[in-house]
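Q: Here it is: the structure, laid out below.
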Amino acid sequence: MPSLSIKNRLRLALRRFPDAEDGNIAVIFAIALLPMLGFLGAAIDYSRANMARSAMQQALDSTALMVAKDLSMGVINTSQINSTAQAYFTALYTYKQATGITVNASYTNAQSSTGSTIALTGSGSITTDFMYMFGHPTMDFNAGTTTAWGNSRLRVAMVLDNTGSM
């Protein structure tokens with residue numbers, strides 16, 4: 001018999017719950033707390049991933065310029081582009097929380113008017129602090145850059161007008 005009374009009490013409490021007006025703020029806050037904390041954690045994890053991507057973009061830009069300079073000056077040849085790019089990038093990228101960093105370089109030889117290009121792409125991931133609770137243990141990011149140099153030349157003309165009209 002005591003189990004019936006507990007069952008009846010629970011049923012009556014559940015029937016009264018939708019009509020209860022006392023303490024609704026606390027209940028609504030408790031229900032809304034989980035999504036609010038989830039969004040706050042997502043914002044923190046996203047900002048960390050964005051910092052890692054920005055640092056990667058800066059390192060890739062500098063790496064592409066240095067590799068292009070080395071290649072155009074004859075310091076390296078085309079077979080050394082990937083290893084040189086990896087060495088420069090490793091020296092420049094100092095964001096310690098990123099994992100699984102990969103860098104790929106591709107070289108396009110000079111055409112008649114376009115010139116030579118080096119394209120670098122990089123990718124990596126960070127382990128999340130908050131989003132792992134919602135099923136996302138890592139956040140991936142990637143960046144890329146292209147450096148061009150070559151045959152296209154600009155012609156500049158300077159005109160001096162010594163009349164009083166100007």
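Identifiers in the structure tokens: chain A, B, ... in order shown; residue index from 1 per chain; ligand index from 1 in order shown.
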Please report, as CSV, each residue of region 68-89 of chain A lying at most 8 Å from region 103-108 of chain A, together with the nearest pair of atoms and the separation in Å rounded to one decimal; use only C-alpha atoms, and order rows by chain and ascending residue number.

A:
residue,atom,partner,partner_atom,distance
A:Thr78,CA,A:Tyr107,CA,7.6
A:Ile81,CA,A:Ala105,CA,7.0
A:Asn82,CA,A:Ala105,CA,5.6
A:Ala85,CA,A:Ala105,CA,7.0
A:Gln86,CA,A:Val103,CA,6.5
A:Phe89,CA,A:Val103,CA,7.9

Q: Go ahead and dump the residues you just picked, N, CA and C atoms, as a PDB file, in the first residue's frame.

A:
ATOM      1  N   THR A  78      63.112  23.434 -57.181  1.00  0.00           N
ATOM      2  CA  THR A  78      61.697  23.060 -57.048  1.00  0.00           C
ATOM      3  C   THR A  78      61.488  21.796 -56.229  1.00  0.00           C
ATOM      4  N   ILE A  81      60.963  22.637 -52.322  1.00  0.00           N
ATOM      5  CA  ILE A  81      59.926  23.586 -51.898  1.00  0.00           C
ATOM      6  C   ILE A  81      59.170  23.076 -50.681  1.00  0.00           C
ATOM      7  N   ASN A  82      58.712  21.827 -50.712  1.00  0.00           N
ATOM      8  CA  ASN A  82      57.924  21.296 -49.589  1.00  0.00           C
ATOM      9  C   ASN A  82      58.726  21.241 -48.294  1.00  0.00           C
ATOM     10  N   ALA A  85      59.370  24.833 -47.073  1.00  0.00           N
ATOM     11  CA  ALA A  85      58.132  25.422 -46.542  1.00  0.00           C
ATOM     12  C   ALA A  85      57.802  24.840 -45.173  1.00  0.00           C
ATOM     13  N   GLN A  86      57.972  23.541 -45.009  1.00  0.00           N
ATOM     14  CA  GLN A  86      57.701  22.907 -43.716  1.00  0.00           C
ATOM     15  C   GLN A  86      58.653  23.430 -42.646  1.00  0.00           C
ATOM     16  N   PHE A  89      57.639  27.069 -41.807  1.00  0.00           N
ATOM     17  CA  PHE A  89      56.369  27.097 -41.087  1.00  0.00           C
ATOM     18  C   PHE A  89      56.542  26.614 -39.651  1.00  0.00           C
TER      19      PHE A  89
END

Q: Would you mind listing, for every residue of region 57-115 of chain A within 6 Å of region 126-148 of chain A, the two atoms forming the shortest contact and the distance between them in Å to one decimal, using only C-alpha atoms, sorted by chain and ascending residue number, as a tab-separated table?

A:
residue	atom	partner	partner_atom	distance
A:Gln57	CA	A:Ala143	CA	5.7
A:Ala98	CA	A:Ile126	CA	4.8
A:Thr99	CA	A:Ile126	CA	5.9

Q: Give me, please, the distance in Å between CA of Ala30 (chain A) and CA of Phe17 (chain A), quoted to one decimal.

A: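 The value is 15.1 Å.
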
Q: To test your reading of the structure, identify every residue in region 3-117 of chain A that backbone DSSP assigns to alpha helix (DSSP H), and report it as a ChimeraX atom specification.

A: /A:3-16,24-73,81-92

Q: When DSSP works through the backbone of this structure, what residues of chain A end up as strand (DSSP E), shown as number ranges by chain?

A: A: 98-108, 116-127, 138-149

Q: For the residues selected in the previous step, produce a file with N, CA, C and O atoms as a short mmCIF file (atom, residue, chain, number, x, y, z; two decimals), in the first residue's frame.

A:
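Saved to selection.cif:
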data_model
loop_
_atom_site.label_atom_id
_atom_site.label_comp_id
_atom_site.auth_asym_id
_atom_site.auth_seq_id
_atom_site.Cartn_x
_atom_site.Cartn_y
_atom_site.Cartn_z
N ALA A 98 47.43 23.81 -30.77
CA ALA A 98 46.98 23.16 -32.01
C ALA A 98 47.68 21.82 -32.18
O ALA A 98 48.83 21.64 -31.83
N THR A 99 46.93 20.85 -32.72
CA THR A 99 47.47 19.52 -32.96
C THR A 99 47.18 19.11 -34.40
O THR A 99 46.30 19.68 -35.06
N GLY A 100 47.89 18.13 -34.88
CA GLY A 100 47.65 17.60 -36.22
C GLY A 100 47.91 18.61 -37.33
O GLY A 100 47.19 18.65 -38.32
N ILE A 101 48.95 19.40 -37.19
CA ILE A 101 49.25 20.46 -38.16
C ILE A 101 49.87 19.84 -39.42
O ILE A 101 50.84 19.08 -39.33
N THR A 102 49.30 20.16 -40.57
CA THR A 102 49.87 19.75 -41.85
C THR A 102 49.97 20.96 -42.76
O THR A 102 49.11 21.84 -42.74
N VAL A 103 51.04 21.00 -43.54
CA VAL A 103 51.27 22.08 -44.50
C VAL A 103 51.63 21.46 -45.83
O VAL A 103 52.46 20.56 -45.90
N ASN A 104 50.98 21.94 -46.90
CA ASN A 104 51.25 21.47 -48.25
C ASN A 104 51.59 22.65 -49.13
O ASN A 104 50.93 23.69 -49.05
N ALA A 105 52.59 22.49 -49.98
CA ALA A 105 53.00 23.55 -50.89
C ALA A 105 52.88 23.04 -52.32
O ALA A 105 53.19 21.89 -52.61
N SER A 106 52.40 23.91 -53.19
CA SER A 106 52.35 23.57 -54.62
C SER A 106 52.93 24.74 -55.41
O SER A 106 52.64 25.90 -55.13
N TYR A 107 53.75 24.41 -56.41
CA TYR A 107 54.45 25.41 -57.21
C TYR A 107 53.94 25.34 -58.64
O TYR A 107 53.81 24.27 -59.21
N THR A 108 53.67 26.51 -59.21
CA THR A 108 53.29 26.61 -60.62
C THR A 108 54.35 27.42 -61.32
O THR A 108 54.63 28.57 -60.93
N SER A 116 55.17 33.04 -61.85
CA SER A 116 55.20 31.84 -61.03
C SER A 116 54.37 32.06 -59.76
O SER A 116 54.25 33.18 -59.28
N THR A 117 53.85 30.98 -59.23
CA THR A 117 53.07 31.06 -58.00
C THR A 117 53.44 29.91 -57.06
O THR A 117 53.78 28.82 -57.51
N ILE A 118 53.36 30.20 -55.79
CA ILE A 118 53.46 29.16 -54.75
C ILE A 118 52.21 29.27 -53.91
O ILE A 118 51.87 30.34 -53.40
N ALA A 119 51.49 28.16 -53.79
CA ALA A 119 50.28 28.11 -52.96
C ALA A 119 50.55 27.21 -51.76
O ALA A 119 51.00 26.08 -51.92
N LEU A 120 50.28 27.73 -50.59
CA LEU A 120 50.44 26.96 -49.35
C LEU A 120 49.08 26.78 -48.69
O LEU A 120 48.30 27.72 -48.62
N THR A 121 48.82 25.58 -48.24
CA THR A 121 47.61 25.31 -47.46
C THR A 121 48.02 24.61 -46.17
O THR A 121 48.95 23.81 -46.16
N GLY A 122 47.34 24.94 -45.11
CA GLY A 122 47.62 24.33 -43.82
C GLY A 122 46.32 23.97 -43.12
O GLY A 122 45.29 24.60 -43.34
N SER A 123 46.38 22.95 -42.29
CA SER A 123 45.20 22.54 -41.52
C SER A 123 45.66 22.01 -40.17
O SER A 123 46.81 21.62 -40.00
N GLY A 124 44.74 22.02 -39.24
CA GLY A 124 45.03 21.52 -37.90
C GLY A 124 43.75 21.45 -37.09
O GLY A 124 42.65 21.67 -37.61
N SER A 125 43.87 21.16 -35.83
CA SER A 125 42.70 21.09 -34.95
C SER A 125 43.12 21.44 -33.53
O SER A 125 44.30 21.39 -33.19
N ILE A 126 42.13 21.80 -32.73
CA ILE A 126 42.36 22.02 -31.31
C ILE A 126 41.40 21.13 -30.54
O ILE A 126 40.31 20.81 -31.02
N THR A 127 41.81 20.73 -29.36
CA THR A 127 40.90 19.98 -28.50
C THR A 127 40.02 20.99 -27.77
O THR A 127 40.51 22.00 -27.27
N THR A 138 36.96 17.90 -30.89
CA THR A 138 37.95 18.74 -31.56
C THR A 138 37.26 19.72 -32.50
O THR A 138 36.14 19.49 -32.94
N MET A 139 37.96 20.82 -32.79
CA MET A 139 37.51 21.78 -33.79
C MET A 139 38.63 21.90 -34.82
O MET A 139 39.77 22.18 -34.47
N ASP A 140 38.28 21.68 -36.09
CA ASP A 140 39.26 21.76 -37.16
C ASP A 140 39.30 23.17 -37.72
O ASP A 140 38.31 23.90 -37.71
N PHE A 141 40.45 23.55 -38.26
CA PHE A 141 40.61 24.83 -38.93
C PHE A 141 41.61 24.67 -40.06
O PHE A 141 42.40 23.73 -40.07
N ASN A 142 41.55 25.57 -41.03
CA ASN A 142 42.50 25.55 -42.12
C ASN A 142 42.71 26.96 -42.65
O ASN A 142 41.92 27.85 -42.39
N ALA A 143 43.81 27.14 -43.39
CA ALA A 143 44.15 28.44 -43.95
C ALA A 143 44.95 28.20 -45.22
O ALA A 143 45.50 27.11 -45.43
N GLY A 144 45.03 29.21 -46.05
CA GLY A 144 45.79 29.09 -47.28
C GLY A 144 46.26 30.45 -47.77
O GLY A 144 45.70 31.49 -47.40
N THR A 145 47.30 30.42 -48.59
CA THR A 145 47.83 31.65 -49.16
C THR A 145 48.50 31.34 -50.49
O THR A 145 48.90 30.20 -50.74
N THR A 146 48.59 32.35 -51.33
CA THR A 146 49.25 32.21 -52.62
C THR A 146 50.16 33.42 -52.83
O THR A 146 49.76 34.55 -52.59
N THR A 147 51.37 33.15 -53.28
CA THR A 147 52.33 34.20 -53.59
C THR A 147 52.67 34.11 -55.07
O THR A 147 52.96 33.03 -55.56
N ALA A 148 52.62 35.24 -55.76
CA ALA A 148 52.91 35.27 -57.19
C ALA A 148 54.04 36.25 -57.48
O ALA A 148 54.14 37.30 -56.85
N TRP A 149 54.87 35.91 -58.41
CA TRP A 149 55.93 36.79 -58.89
C TRP A 149 56.24 36.38 -60.32
O TRP A 149 55.85 35.30 -60.77
#

Q: So what do you get for CA of Gly150 (chain A) versus CA of Ala55 (chain A), distance-wise?

A: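 Taking CA of Gly150 (chain A) as the start and CA of Ala55 (chain A) as the end point, the length is 28.0 Å.
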
Q: I'd like the neighbourhood of Met66 (chain A) as a ChimeraX atom specification, where a residue qualifies if any of its atoms comes within 9 Å (using only C-alpha atoms), though same-chain residues fewer than 5 positions away should be ignored.

A: /A:61,71,85,88

Q: Take CA of Met36 (chain A) and CA of Asn50 (chain A) and report the distance between them in Å, one decimal.

A: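 Value for the CA of Met36 (chain A)-CA of Asn50 (chain A) distance: 20.9 Å.
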